[in-house]
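Asker: The following file, model_20.txt, comprises compact mmCIF, C-alpha atoms:
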```txt
# COMPACT_ATOMS: atom_id res chain seq x y z
CA MET A 29 0.00 0.00 0.00
CA PRO A 30 1.53 3.33 -0.99
CA GLU A 31 1.70 6.09 1.59
CA GLU A 32 -0.11 9.11 0.22
CA ARG A 33 1.26 12.55 1.11
CA GLU A 34 0.77 16.15 0.13
CA LEU A 35 4.48 16.72 -0.42
CA VAL A 36 7.62 14.63 -0.70
CA ILE A 37 11.02 16.29 -0.60
CA VAL A 38 14.00 14.37 -1.99
CA GLY A 39 17.28 15.57 -0.50
CA SER A 40 18.33 17.05 2.84
CA GLY A 41 20.97 19.70 2.32
CA PRO A 42 20.22 23.39 2.92
CA ALA A 43 17.65 23.40 0.08
CA GLY A 44 15.74 20.27 1.12
CA LEU A 45 15.69 21.15 4.80
CA THR A 46 14.62 24.77 4.21
CA ALA A 47 11.85 23.48 1.95
CA ALA A 48 10.92 21.04 4.73
CA LEU A 49 10.84 23.85 7.30
CA TYR A 50 8.55 26.04 5.21
CA ALA A 51 6.33 23.15 4.14
CA ALA A 52 6.03 21.84 7.70
CA ARG A 53 5.06 25.31 8.96
CA ALA A 54 2.39 25.39 6.22
CA ASN A 55 1.02 22.10 7.64
CA LEU A 56 1.92 20.10 4.55
CA GLU A 57 3.47 17.37 6.76
CA PRO A 58 6.33 16.79 4.32
CA VAL A 59 8.27 13.55 4.11
CA VAL A 60 11.97 14.20 3.54
CA ILE A 61 13.84 11.36 1.85
CA GLU A 62 17.22 12.34 3.22
CA GLY A 63 19.46 10.07 1.24
CA LEU A 64 22.65 8.30 2.20
CA GLU A 65 24.52 11.59 1.98
CA ALA A 66 22.07 13.19 4.42
CA GLY A 67 22.91 16.80 5.20
CA GLY A 68 24.56 17.22 1.82
CA GLN A 69 27.94 18.68 0.99
CA LEU A 70 28.22 20.74 4.18
CA MET A 71 28.60 17.48 6.10
CA LEU A 72 32.03 17.22 4.52
CA THR A 73 33.25 20.72 5.31
CA SER A 74 34.73 22.24 8.43
CA ASP A 75 34.20 25.92 9.10
CA VAL A 76 31.42 27.68 7.23
CA GLU A 77 32.34 31.37 7.34
CA ASN A 78 29.80 32.78 4.90
CA TYR A 79 26.45 31.66 6.27
CA PRO A 80 24.86 34.81 7.72
CA GLY A 81 23.85 34.72 11.37
CA PHE A 82 27.01 32.96 12.55
CA PRO A 83 29.58 35.75 12.93
CA ASP A 84 32.22 33.38 14.32
CA GLY A 85 31.57 30.73 11.68
CA ILE A 86 29.97 27.37 12.31
CA LEU A 87 30.94 23.78 11.51
CA GLY A 88 29.16 22.44 8.43
CA PRO A 89 27.73 19.32 10.14
CA GLU A 90 26.60 21.43 13.09
CA LEU A 91 24.78 23.87 10.81
CA MET A 92 22.99 21.02 9.07
CA THR A 93 22.01 19.45 12.39
CA LYS A 94 20.39 22.77 13.30
CA PHE A 95 18.58 22.94 9.95
CA ARG A 96 17.22 19.44 10.52
CA GLU A 97 16.15 20.13 14.09
CA GLN A 98 14.31 23.25 13.01
CA ALA A 99 12.37 21.43 10.28
CA GLY A 100 11.66 18.53 12.64
CA ARG A 101 10.28 20.88 15.28
CA PHE A 102 7.40 21.71 12.93
CA GLY A 103 6.65 18.13 12.02
CA ALA A 104 8.77 17.28 8.99
CA GLU A 105 9.28 13.53 8.81
CA PHE A 106 12.65 12.07 7.82
CA VAL A 107 13.52 8.89 5.97
CA THR A 108 17.26 8.22 6.14
CA ALA A 109 17.78 6.33 2.91
CA ASP A 110 18.17 7.00 -0.80
CA ALA A 111 15.14 7.22 -3.03
CA ASP A 112 15.59 4.24 -5.35
CA ARG A 113 13.18 5.27 -8.08
CA VAL A 114 10.66 7.97 -8.90
CA ASP A 115 7.70 8.01 -11.25
CA LEU A 116 6.55 11.45 -12.32
CA SER A 117 4.27 10.27 -15.14
CA SER A 118 0.96 10.37 -13.26
CA SER A 119 -0.56 13.26 -11.30
CA LEU A 120 0.23 11.41 -8.06
CA PHE A 121 4.03 11.30 -8.08
CA GLY A 122 5.66 8.09 -6.91
CA ALA A 123 8.89 7.73 -4.93
CA TRP A 124 10.27 4.40 -3.75
CA VAL A 125 12.56 3.76 -0.81
CA GLY A 126 13.23 0.04 -0.71
CA GLU A 127 9.83 -1.59 -0.38
CA THR A 128 8.07 1.59 0.71
CA GLU A 129 6.18 3.56 -1.90
CA TYR A 130 5.27 7.19 -1.35
CA ARG A 131 2.68 8.92 -3.48
CA SER A 132 2.45 12.71 -3.35
CA HIS A 133 0.62 15.57 -5.00
CA ALA A 134 3.75 17.71 -5.14
CA LEU A 135 7.44 16.86 -5.18
CA ILE A 136 10.51 18.96 -4.42
CA VAL A 137 13.83 17.84 -5.84
CA ALA A 138 16.77 18.95 -3.69
CA THR A 139 19.25 16.16 -4.33
CA GLY A 140 22.16 18.56 -4.70
CA ALA A 141 25.50 17.66 -6.21
CA SER A 142 28.26 15.25 -5.23
CA ALA A 143 32.02 15.36 -5.50
CA ARG A 144 33.40 14.34 -8.86
CA MET A 145 36.20 11.78 -9.02
CA LEU A 146 39.05 11.60 -11.53
CA GLY A 147 37.73 8.27 -12.79
CA LEU A 148 41.05 6.42 -12.64
CA GLU A 149 41.22 2.76 -11.73
CA SER A 150 44.18 3.41 -9.42
CA GLU A 151 42.21 6.19 -7.74
CA SER A 152 39.33 3.93 -6.69
CA ALA A 153 41.72 1.13 -5.73
CA LEU A 154 43.49 3.46 -3.28
CA LEU A 155 40.43 5.26 -1.96
CA GLY A 156 40.73 5.13 1.81
CA HIS A 157 44.40 4.17 1.49
CA GLY A 158 45.81 7.58 0.71
CA VAL A 159 43.25 8.84 -1.78
CA SER A 160 40.52 10.92 -0.16
CA THR A 161 37.65 13.21 -1.09
CA CYS A 162 37.25 14.65 2.40
CA ALA A 163 40.08 16.82 3.72
CA THR A 164 38.34 17.54 7.02
CA CYS A 165 37.85 13.81 7.62
CA ASP A 166 41.23 12.52 6.59
CA GLY A 167 43.75 15.37 6.85
CA PHE A 168 44.70 14.10 10.27
CA PHE A 169 46.19 10.93 8.80
CA PHE A 170 48.72 12.90 6.76
CA ARG A 171 50.64 14.53 9.58
CA GLU A 172 54.19 15.33 8.46
CA LYS A 173 53.62 13.90 4.99
CA PRO A 174 53.76 15.50 1.54
CA ILE A 175 50.42 15.43 -0.24
CA ALA A 176 48.69 16.76 -3.33
CA VAL A 177 45.30 18.32 -3.95
CA VAL A 178 43.94 18.13 -7.46
CA GLY A 179 41.63 20.94 -8.54
CA GLY A 180 41.62 24.72 -8.90
CA GLY A 181 38.33 25.96 -7.49
CA ASP A 182 37.37 27.25 -4.06
CA SER A 183 37.00 23.81 -2.56
CA ALA A 184 40.43 22.67 -3.80
CA VAL A 185 42.12 25.75 -2.36
CA GLU A 186 40.17 25.55 0.88
CA GLU A 187 41.17 21.91 1.29
CA ALA A 188 44.81 22.70 0.50
CA ILE A 189 44.89 25.43 3.15
CA PHE A 190 43.20 23.17 5.68
CA LEU A 191 45.65 20.36 4.93
CA THR A 192 48.70 22.55 5.63
CA LYS A 193 47.79 22.12 9.31
CA PHE A 194 48.95 18.52 8.98
CA ALA A 195 51.08 17.99 5.89
CA THR A 196 54.70 19.02 5.38
CA LYS A 197 53.84 20.30 1.93
CA VAL A 198 50.67 20.54 -0.13
CA THR A 199 50.97 20.71 -3.91
CA ILE A 200 47.94 21.92 -5.81
CA VAL A 201 47.79 20.14 -9.15
CA HIS A 202 45.68 22.09 -11.62
CA ARG A 203 45.09 21.57 -15.31
CA ARG A 204 45.20 25.29 -16.12
CA ASP A 205 47.77 28.00 -15.37
CA GLU A 206 45.50 29.95 -13.03
CA LEU A 207 43.03 29.17 -10.27
CA ARG A 208 39.28 29.44 -10.60
CA ALA A 209 38.97 30.01 -6.85
CA SER A 210 37.76 33.34 -5.42
CA LYS A 211 40.26 36.17 -4.88
CA ILE A 212 40.33 35.84 -1.11
CA MET A 213 41.03 32.10 -1.26
CA GLN A 214 43.74 32.62 -3.90
CA GLU A 215 45.47 35.24 -1.78
CA ARG A 216 45.44 32.92 1.22
CA ALA A 217 46.89 30.09 -0.85
CA PHE A 218 49.66 32.21 -2.41
CA ALA A 219 50.58 33.55 1.04
CA ASN A 220 50.87 30.05 2.53
CA SER A 221 54.48 28.87 2.48
CA LYS A 222 53.47 25.21 2.67
CA ILE A 223 51.45 25.37 -0.56
CA GLU A 224 53.09 24.82 -3.93
CA PHE A 225 51.54 24.73 -7.38
CA ARG A 226 51.91 22.38 -10.29
CA TRP A 227 50.25 24.25 -13.15
CA ASN A 228 48.98 22.80 -16.43
CA SER A 229 49.05 19.30 -15.05
CA VAL A 230 46.65 16.40 -14.88
CA VAL A 231 46.89 13.21 -12.83
CA GLU A 232 47.20 10.16 -15.05
CA GLU A 233 47.75 7.53 -12.38
CA VAL A 234 48.02 7.15 -8.63
CA VAL A 235 51.01 4.93 -7.96
CA GLY A 236 51.20 2.66 -4.94
CA ASN A 237 50.20 -0.69 -3.53
CA GLY A 238 47.97 -0.39 -0.47
CA ARG A 239 49.24 3.16 -0.01
CA VAL A 240 50.04 6.15 -2.18
CA ASP A 241 53.69 6.55 -3.20
CA SER A 242 53.49 9.01 -6.08
CA LEU A 243 51.42 10.51 -8.86
CA LYS A 244 52.04 10.18 -12.58
CA LEU A 245 51.34 13.57 -14.11
CA ARG A 246 51.08 14.86 -17.64
CA ASP A 247 51.68 18.45 -18.71
CA THR A 248 48.61 19.72 -20.57
CA VAL A 249 50.70 22.08 -22.76
CA THR A 250 53.80 20.05 -23.61
CA ASP A 251 52.34 16.57 -23.02
CA ALA A 252 55.47 15.76 -21.02
CA PRO A 253 55.04 13.07 -18.36
CA SER A 254 56.43 13.43 -14.86
CA GLU A 255 56.19 11.77 -11.49
CA MET A 256 55.72 13.45 -8.12
CA ALA A 257 56.28 11.70 -4.79
CA VAL A 258 53.37 12.23 -2.39
CA GLN A 259 51.74 10.08 0.25
CA GLY A 260 48.24 11.35 -0.16
CA LEU A 261 45.92 12.66 -2.85
CA PHE A 262 42.83 14.75 -2.18
CA VAL A 263 40.41 15.07 -5.06
CA ALA A 264 38.52 18.38 -5.34
CA ILE A 265 37.68 18.79 -9.00
CA GLY A 266 34.12 19.97 -8.74
CA HIS A 267 30.72 18.45 -8.49
CA ASP A 268 28.10 16.70 -10.56
CA PRO A 269 24.38 17.23 -9.96
CA ASN A 270 22.57 14.21 -8.54
CA THR A 271 19.93 13.85 -11.23
CA LYS A 272 20.31 10.25 -12.35
CA LEU A 273 17.06 9.44 -10.55
CA PHE A 274 15.17 11.83 -12.82
CA GLU A 275 16.73 10.99 -16.19
CA GLY A 276 14.13 10.69 -18.92
CA GLN A 277 11.52 12.34 -16.70
CA LEU A 278 12.68 15.90 -15.95
CA GLU A 279 14.39 18.17 -18.46
CA MET A 280 18.06 18.86 -17.78
CA ASP A 281 20.92 20.72 -19.41
CA GLU A 282 23.92 19.01 -21.02
CA ASN A 283 25.72 18.81 -17.65
CA GLY A 284 22.79 17.13 -15.95
CA TYR A 285 21.51 20.15 -14.01
CA LEU A 286 17.71 20.33 -13.88
CA SER A 287 16.21 22.93 -16.21
CA LEU A 288 13.92 25.52 -14.67
CA PRO A 289 12.06 26.86 -17.71
CA HIS A 290 10.20 29.66 -15.89
CA ALA A 291 12.36 32.65 -14.93
CA GLY A 292 12.21 33.47 -11.21
CA SER A 293 10.51 30.20 -10.39
CA THR A 294 11.59 26.78 -9.11
CA ARG A 295 9.06 24.98 -11.34
CA THR A 296 10.60 22.16 -13.39
CA SER A 297 9.43 20.79 -16.72
CA ILE A 298 6.68 18.84 -14.92
CA GLU A 299 3.85 20.68 -13.19
CA GLY A 300 3.86 20.05 -9.46
CA VAL A 301 7.57 19.18 -9.39
CA PHE A 302 9.86 21.90 -8.04
CA ALA A 303 13.63 22.05 -7.60
CA GLY A 304 15.86 23.87 -5.12
CA GLY A 305 19.58 24.08 -4.44
CA ASP A 306 22.60 22.86 -6.39
CA VAL A 307 20.64 20.30 -8.38
CA ALA A 308 19.41 23.15 -10.57
CA ASP A 309 22.18 25.68 -9.93
CA ALA A 310 25.51 25.42 -11.70
CA VAL A 311 26.34 29.07 -10.97
CA PHE A 312 26.08 30.09 -7.31
CA ARG A 313 26.09 26.76 -5.42
CA GLN A 314 26.12 28.31 -1.94
CA ALA A 315 24.39 27.11 1.22
CA ILE A 316 22.52 30.40 1.40
CA THR A 317 21.31 30.30 -2.21
CA ALA A 318 20.27 26.67 -1.75
CA ALA A 319 18.29 27.63 1.36
CA GLY A 320 16.73 30.50 -0.62
CA THR A 321 15.62 28.39 -3.55
CA GLY A 322 14.48 25.63 -1.16
CA CYS A 323 12.21 28.20 0.47
CA MET A 324 10.91 29.27 -2.94
CA ALA A 325 10.21 25.66 -3.90
CA ALA A 326 8.19 25.07 -0.72
CA MET A 327 6.16 28.25 -1.18
CA GLU A 328 5.47 27.45 -4.82
CA ALA A 329 4.54 23.86 -3.92
CA GLU A 330 2.13 25.14 -1.28
CA ARG A 331 0.45 27.51 -3.76
CA TRP A 332 0.29 24.81 -6.38
CA LEU A 333 -1.34 22.34 -3.97
CA GLU A 334 -3.82 25.01 -2.92
CA ALA A 335 -4.74 25.73 -6.57
CA LYS A 336 -5.01 22.02 -7.36
CA LYS A 337 -7.37 21.46 -4.43
CA HIS A 338 -9.45 24.47 -5.39
CA ALA A 339 -9.73 23.28 -9.00
CA GLU A 340 -10.77 19.79 -7.85
CA ALA A 341 -13.38 21.22 -5.47
CA THR A 342 -14.78 23.45 -8.21
CA ALA A 343 -14.92 20.53 -10.64
CA ALA A 344 -16.71 18.38 -8.06
CA ALA A 345 -19.27 21.11 -7.36
CA THR A 346 -20.33 21.51 -10.99
CA MET B 30 25.48 7.37 22.83
CA GLY B 31 23.34 4.22 22.96
CA ASP B 32 23.91 1.63 25.66
CA ASP B 33 24.63 -1.05 23.09
CA LEU B 34 27.87 0.52 21.88
CA ILE B 35 31.23 -0.09 23.49
CA THR B 36 34.07 2.38 23.49
CA VAL B 37 37.54 0.99 22.87
CA THR B 38 40.92 2.69 23.21
CA ASP B 39 44.54 1.89 22.37
CA ALA B 40 44.79 0.41 25.86
CA THR B 41 41.65 -1.73 25.77
CA PHE B 42 41.47 -2.69 22.10
CA ASP B 43 43.09 -6.14 22.28
CA GLU B 44 41.17 -7.20 25.33
CA SER B 45 37.77 -5.90 24.21
CA VAL B 46 37.97 -6.83 20.55
CA GLY B 47 40.20 -9.92 20.75
CA GLY B 48 38.31 -11.40 23.68
CA ALA B 49 34.81 -10.95 22.31
CA ASP B 50 32.56 -13.96 21.68
CA THR B 51 30.82 -12.35 18.70
CA PRO B 52 32.30 -10.53 15.72
CA VAL B 53 33.08 -6.91 16.62
CA LEU B 54 32.58 -4.06 14.21
CA VAL B 55 34.97 -1.24 15.10
CA ASP B 56 33.97 2.23 13.97
CA PHE B 57 37.09 4.39 13.50
CA TRP B 58 35.78 7.92 13.88
CA ALA B 59 36.58 11.45 15.07
CA GLU B 60 34.70 14.46 16.28
CA TRP B 61 35.53 16.59 13.22
CA CYS B 62 34.32 14.06 10.65
CA GLY B 63 30.88 14.87 9.22
CA PRO B 64 30.24 11.49 7.58
CA CYS B 65 31.15 9.78 10.88
CA LYS B 66 28.35 11.72 12.57
CA MET B 67 26.00 10.70 9.79
CA ILE B 68 26.49 6.98 10.36
CA ALA B 69 26.63 7.11 14.18
CA PRO B 70 22.85 6.74 14.73
CA VAL B 71 22.68 3.96 12.12
CA LEU B 72 25.37 2.02 13.99
CA GLU B 73 23.45 2.46 17.23
CA GLU B 74 20.36 0.98 15.60
CA ILE B 75 22.29 -1.96 14.17
CA ALA B 76 23.90 -2.59 17.56
CA SER B 77 20.57 -2.80 19.33
CA ASP B 78 18.77 -4.71 16.54
CA HIS B 79 21.49 -7.35 16.28
CA LYS B 80 22.57 -7.72 19.86
CA GLY B 81 24.24 -11.09 20.38
CA GLN B 82 25.20 -11.40 16.71
CA ILE B 83 27.62 -8.53 16.37
CA ALA B 84 29.09 -6.07 18.86
CA ILE B 85 29.76 -2.51 17.77
CA ALA B 86 32.70 -0.60 19.19
CA LYS B 87 33.74 3.01 18.66
CA LEU B 88 37.38 4.00 18.47
CA ASN B 89 38.24 7.69 18.42
CA VAL B 90 41.25 7.96 16.10
CA ASP B 91 42.20 11.34 17.52
CA GLU B 92 42.67 9.95 21.01
CA ASN B 93 43.85 6.51 19.87
CA PRO B 94 46.21 6.98 16.93
CA GLU B 95 48.15 3.79 17.63
CA THR B 96 45.31 1.42 16.82
CA ALA B 97 44.36 3.44 13.74
CA ARG B 98 47.97 3.25 12.52
CA ARG B 99 48.20 -0.45 13.29
CA PHE B 100 45.32 -1.17 10.91
CA ASP B 101 46.39 1.40 8.30
CA VAL B 102 43.29 3.50 8.72
CA MET B 103 43.81 6.50 6.41
CA SER B 104 40.24 7.61 5.93
CA ILE B 105 37.28 7.85 8.24
CA PRO B 106 34.74 6.58 8.78
CA THR B 107 36.37 3.17 8.37
CA LEU B 108 34.42 0.22 9.70
CA MET B 109 36.35 -2.98 10.37
CA VAL B 110 34.89 -6.29 11.49
CA PHE B 111 37.11 -8.41 13.74
CA LYS B 112 36.71 -12.10 14.57
CA GLY B 113 38.87 -13.39 17.37
CA GLY B 114 40.89 -10.21 17.13
CA GLU B 115 41.63 -10.67 13.42
CA PRO B 116 40.28 -8.20 10.85
CA VAL B 117 37.95 -9.98 8.42
CA LYS B 118 36.20 -7.10 6.69
CA ARG B 119 36.85 -3.44 5.98
CA LEU B 120 34.38 -0.81 4.80
CA VAL B 121 35.50 2.73 3.97
CA GLY B 122 33.22 5.76 3.87
CA ALA B 123 29.71 6.53 5.07
CA LYS B 124 26.89 4.27 3.94
CA GLY B 125 23.19 4.15 4.68
CA LYS B 126 21.56 1.54 6.87
CA GLY B 127 20.37 -0.61 3.96
CA GLN B 128 23.79 -0.74 2.39
CA LEU B 129 25.48 -1.44 5.72
CA LEU B 130 23.12 -4.29 6.56
CA GLN B 131 23.86 -5.77 3.16
CA ASP B 132 27.62 -5.44 3.69
CA LEU B 133 27.32 -7.05 7.12
CA ALA B 134 24.88 -9.79 6.07
CA GLU B 135 27.45 -12.56 6.58
CA PHE B 136 27.70 -11.62 10.26
CA ILE B 137 24.12 -10.79 11.11
CA GLY B 138 22.24 -13.00 8.62
```
Translate this structure into structure tokens?

Answerer:
Amino acid sequence: MPEERELVIVGSGPAGLTAALYAARANLEPVVIEGLEAGGQLMLTSDVENYPGFPDGILGPELMTKFREQAGRFGAEFVTADADRVDLSSSLFGAWVGETEYRSHALIVATGASARMLGLESESALLGHGVSTCATCDGFFFREKPIAVVGGGDSAVEEAIFLTKFATKVTIVHRRDELRASKIMQERAFANSKIEFRWNSVVEEVVGNGRVDSLKLRDTVTDAPSEMAVQGLFVAIGHDPNTKLFEGQLEMDENGYLSLPHAGSTRTSIEGVFAGGDVADAVFRQAITAAGTGCMAAMEAERWLEAKKHAEATAAAT
Amino acid sequence: MGDDLITVTDATFDESVGGADTPVLVDFWAEWCGPCKMIAPVLEEIASDHKGQIAIAKLNVDENPETARRFDVMSIPTLMVFKGGEPVKRLVGAKGKGQLLQDLAEFIG
């Protein structure tokens, strides 16, 4: 027997939990399918310095715990598992978690984005043995060791700076000759004596057996190969939107981000399905913008449900 | 923390884990690790649901670096199952309850 609900929210980062807060306060009794990466990307960060209201900064996991508590206080219900499948083809949207089937009149997609990997065989073989995607989790294990961070954006630079607390030397390996990171992060990186740069370079192979010994690099300009001795590799080369679940059902752009065809609205290509946060935002990707669009999605879902009910009542009366 | 979890340290590891009658799943974790916090409540549930089949122990790698080094733990959360003190299974990274139960099926079947 499916469980019928007004609103199901898929995802539990700043967008999903803000949507849950607003929807719960509007008495929509939302079910939040949190996912295995519950809390989203902020669960993998340390200090969040740019979320307003926390002048001294706050730890990412702590901020998300507060988000969740606040939504829970107003009656949002949480399911800590991944949604396995969705069906958006009928007016009662279906979402499956294992054996449980949820049917809802409105759906908010807030599945966010996840860290991208290099896609090398040697990288996955050594994951957890010197290759990491979480500097705040694993930096500790690289005390007094030379390591590399691959990437050139804010998260790569932030991780590199964080890792200098532990490592003897952190080399940022980047495929271009300049960073994409924000000015303030760049300045911090250039000022840090423990950080070095390997420009125009890509990682071809992680070398080591049961541990990382070195990286095989290739110069993107000259094609020249080289090898660099490091004992750890942190991968921070950006994110991919988590939209696999919706392939063939919701419109997306060529990078997999959900398309929002109506300017200034979180409506997706299917009526009654709304999207908030990074899953539909390749540009800003901030906790605060995700919270903002999550709020918009909840308010639009509420209005849409209201209109749907009104239309059904009118149809029944005539 | 739930009553069904044990805390082990560098000093107590061999006695607690080696001397256990059931397999022991050791959760290598630390305060600063977001994914570790994510799986903590799931481990509590598994510990109480499968009492007698598997014991679940927490080892803080920050306070107990020796044991972490001994088993080459380079990433947390790492979950290792020990039988008679010998490691028999190793899981790296946070997973949901369903996935974990599947990975641990041979011990809690």

Asker: At what distance in Å, to one decimal, does atom CA of A:Glu334 lie from atom CA of A:Thr346?

Answerer: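 Going from atom CA of A:Thr346 over to atom CA of A:Glu334 covers 18.7 Å.
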
Asker: Counting all atoms listed in the file, which residues have an atom no more than 6 Å from (34.1, 1.1, 16.4) in the file's coordinates? Please list them as an MDAnalysis selection string.

Answerer: chainID B and resid 54:57 85:88

Asker: Up to 9 Å from chain A, what residues of chain B turn up? Count only C-alpha atoms and give them as a list in words.

Answerer: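 So the contacting residues turn out to be Trp58, Ala59, Trp61, Cys62, Gly63, Pro64, Cys65, Lys66, Met67, Asp91, Arg98, Asp101, Val102, Met103, Ser104, Ile105, Pro106, Thr107, Val121, Gly122, Ala123, Lys124, Gly125, Lys126 and Gly127 of chain B.
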
Asker: Which residue gives the smallest distance to B:Lys80 among B:Val117, B:Leu129, B:Val110, B:Val53, with all atoms listed in the file counted?

Answerer: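 Counting all atoms listed in the file, the residue closest to B:Lys80 is B:Val53.
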
Asker: Any idea what the distance is between atom CA of A:Ala188 and atom CA of A:Arg144?

Answerer: 17.0 Å

Asker: For A:Val263, which of A:Ala310, A:Ala43, A:Val201, A:Ala195 is the closest residue, counting all atoms listed in the file?

Answerer: A:Val201

Asker: Give me the residues within 12 Å of A:Ala315 as a ChimeraX atom specification, counting all atoms listed in the file and dropping any in the same chain fewer than 2 places off.

Answerer: /A:40-46,67-71,73,76-80,88,91-92,95,140,304-306,309,312-313,317-322

Asker: Next, dump the selected residues to file, keeping only C-alpha atoms, as a CSV table (one decimal), in the coordinates of the input.

Answerer:
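again-v3.csv was written with the following content:
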```
chain,number,residue,atom,x,y,z
A,40,SER,CA,18.3,17.0,2.8
A,41,GLY,CA,21.0,19.7,2.3
A,42,PRO,CA,20.2,23.4,2.9
A,43,ALA,CA,17.6,23.4,0.1
A,44,GLY,CA,15.7,20.3,1.1
A,45,LEU,CA,15.7,21.2,4.8
A,46,THR,CA,14.6,24.8,4.2
A,67,GLY,CA,22.9,16.8,5.2
A,68,GLY,CA,24.6,17.2,1.8
A,69,GLN,CA,27.9,18.7,1.0
A,70,LEU,CA,28.2,20.7,4.2
A,71,MET,CA,28.6,17.5,6.1
A,73,THR,CA,33.2,20.7,5.3
A,76,VAL,CA,31.4,27.7,7.2
A,77,GLU,CA,32.3,31.4,7.3
A,78,ASN,CA,29.8,32.8,4.9
A,79,TYR,CA,26.4,31.7,6.3
A,80,PRO,CA,24.9,34.8,7.7
A,88,GLY,CA,29.2,22.4,8.4
A,91,LEU,CA,24.8,23.9,10.8
A,92,MET,CA,23.0,21.0,9.1
A,95,PHE,CA,18.6,22.9,10.0
A,140,GLY,CA,22.2,18.6,-4.7
A,304,GLY,CA,15.9,23.9,-5.1
A,305,GLY,CA,19.6,24.1,-4.4
A,306,ASP,CA,22.6,22.9,-6.4
A,309,ASP,CA,22.2,25.7,-9.9
A,312,PHE,CA,26.1,30.1,-7.3
A,313,ARG,CA,26.1,26.8,-5.4
A,317,THR,CA,21.3,30.3,-2.2
A,318,ALA,CA,20.3,26.7,-1.8
A,319,ALA,CA,18.3,27.6,1.4
A,320,GLY,CA,16.7,30.5,-0.6
A,321,THR,CA,15.6,28.4,-3.6
A,322,GLY,CA,14.5,25.6,-1.2
```

Asker: Neighbours of A:Leu286 within 12 Å (all atoms listed in the file; same-chain residues fewer than 2 positions away dropped), as number ranges by chain?

Answerer: A: 136-141, 268-284, 288-289, 294-298, 301-310

Asker: Identify which of the residues A:Ala134, A:Ile189, A:Leu148, A:Val59 lies closest to A:Phe106, counting all atoms listed in the file when measuring atom-to-atom distances.

Answerer: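 Selected residue with least distance to A:Phe106: A:Val59.
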
Asker: Figure out the distance between atom CA of A:Ala153 and atom CA of A:Ser183, please, to one decimal in Å.

Answerer: 23.4 Å

Asker: When you count all atoms listed in the file, which of these residues is closest to B:Asp39: B:Leu120, B:Ala134, B:Leu108, B:Val90?

Answerer: B:Val90

Asker: Have a look at A:Asp205, A:His267, A:Pro253, A:Gly300 and name the one nearest to A:Phe121; count all atoms listed in the file.

Answerer: A:Gly300

Asker: Given the choices B:Asp50, B:Asp33, B:Asp132, B:Glu115, which gets closest to B:Pro70 if the distance is worked out from only C-alpha atoms?

Answerer: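 Among the listed residues, B:Asp33 lies closest to B:Pro70.
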
Asker: So that I can see what lies close to B:Gln82, please list as a VMD selection string the residues with an atom at most 7 Å from it, counting only C-alpha atoms and leaving out residues fewer than 2 positions away in the same chain.

Answerer: chain B and resid 51 79 to 80 84 136 to 137

Asker: Which neighbours of A:Val234 fall inside 6 Å, counting only C-alpha atoms, when residues of the same chain fewer than 4 positions from it are skipped, and could you give them as a list in words?

Answerer: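 Contacts, in chain order: Ser150, Glu151 and Leu243 of chain A.
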
Asker: With N, CA and C atoms as the goal, would you fill in the gaps in stretch 217-227 of chain A and present it as a compact mmCIF listing (two decimals), in the coordinates of the input?

Answerer:
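Dumped to part.txt:
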```
# COMPACT_ATOMS: atom_id res chain seq x y z
N ALA A 217 46.07 31.21 -0.37
CA ALA A 217 46.89 30.09 -0.85
C ALA A 217 48.29 30.57 -1.23
N PHE A 218 48.36 31.69 -1.97
CA PHE A 218 49.66 32.21 -2.41
C PHE A 218 50.51 32.64 -1.21
N ALA A 219 49.85 33.07 -0.13
CA ALA A 219 50.58 33.55 1.04
C ALA A 219 51.05 32.38 1.93
N ASN A 220 50.55 31.19 1.66
CA ASN A 220 50.87 30.05 2.53
C ASN A 220 52.15 29.36 2.05
N SER A 221 53.17 29.37 2.91
CA SER A 221 54.48 28.87 2.48
C SER A 221 54.49 27.36 2.29
N LYS A 222 53.49 26.66 2.82
CA LYS A 222 53.47 25.21 2.67
C LYS A 222 52.79 24.77 1.37
N ILE A 223 52.17 25.75 0.67
CA ILE A 223 51.45 25.37 -0.56
C ILE A 223 52.30 25.65 -1.79
N GLU A 224 52.42 24.65 -2.64
CA GLU A 224 53.09 24.82 -3.93
C GLU A 224 52.10 24.50 -5.04
N PHE A 225 52.46 24.93 -6.25
CA PHE A 225 51.54 24.73 -7.38
C PHE A 225 52.22 23.94 -8.49
N ARG A 226 51.45 23.06 -9.08
CA ARG A 226 51.91 22.38 -10.29
C ARG A 226 50.87 22.72 -11.36
N TRP A 227 51.21 23.74 -12.16
CA TRP A 227 50.25 24.25 -13.15
C TRP A 227 50.19 23.34 -14.38
```
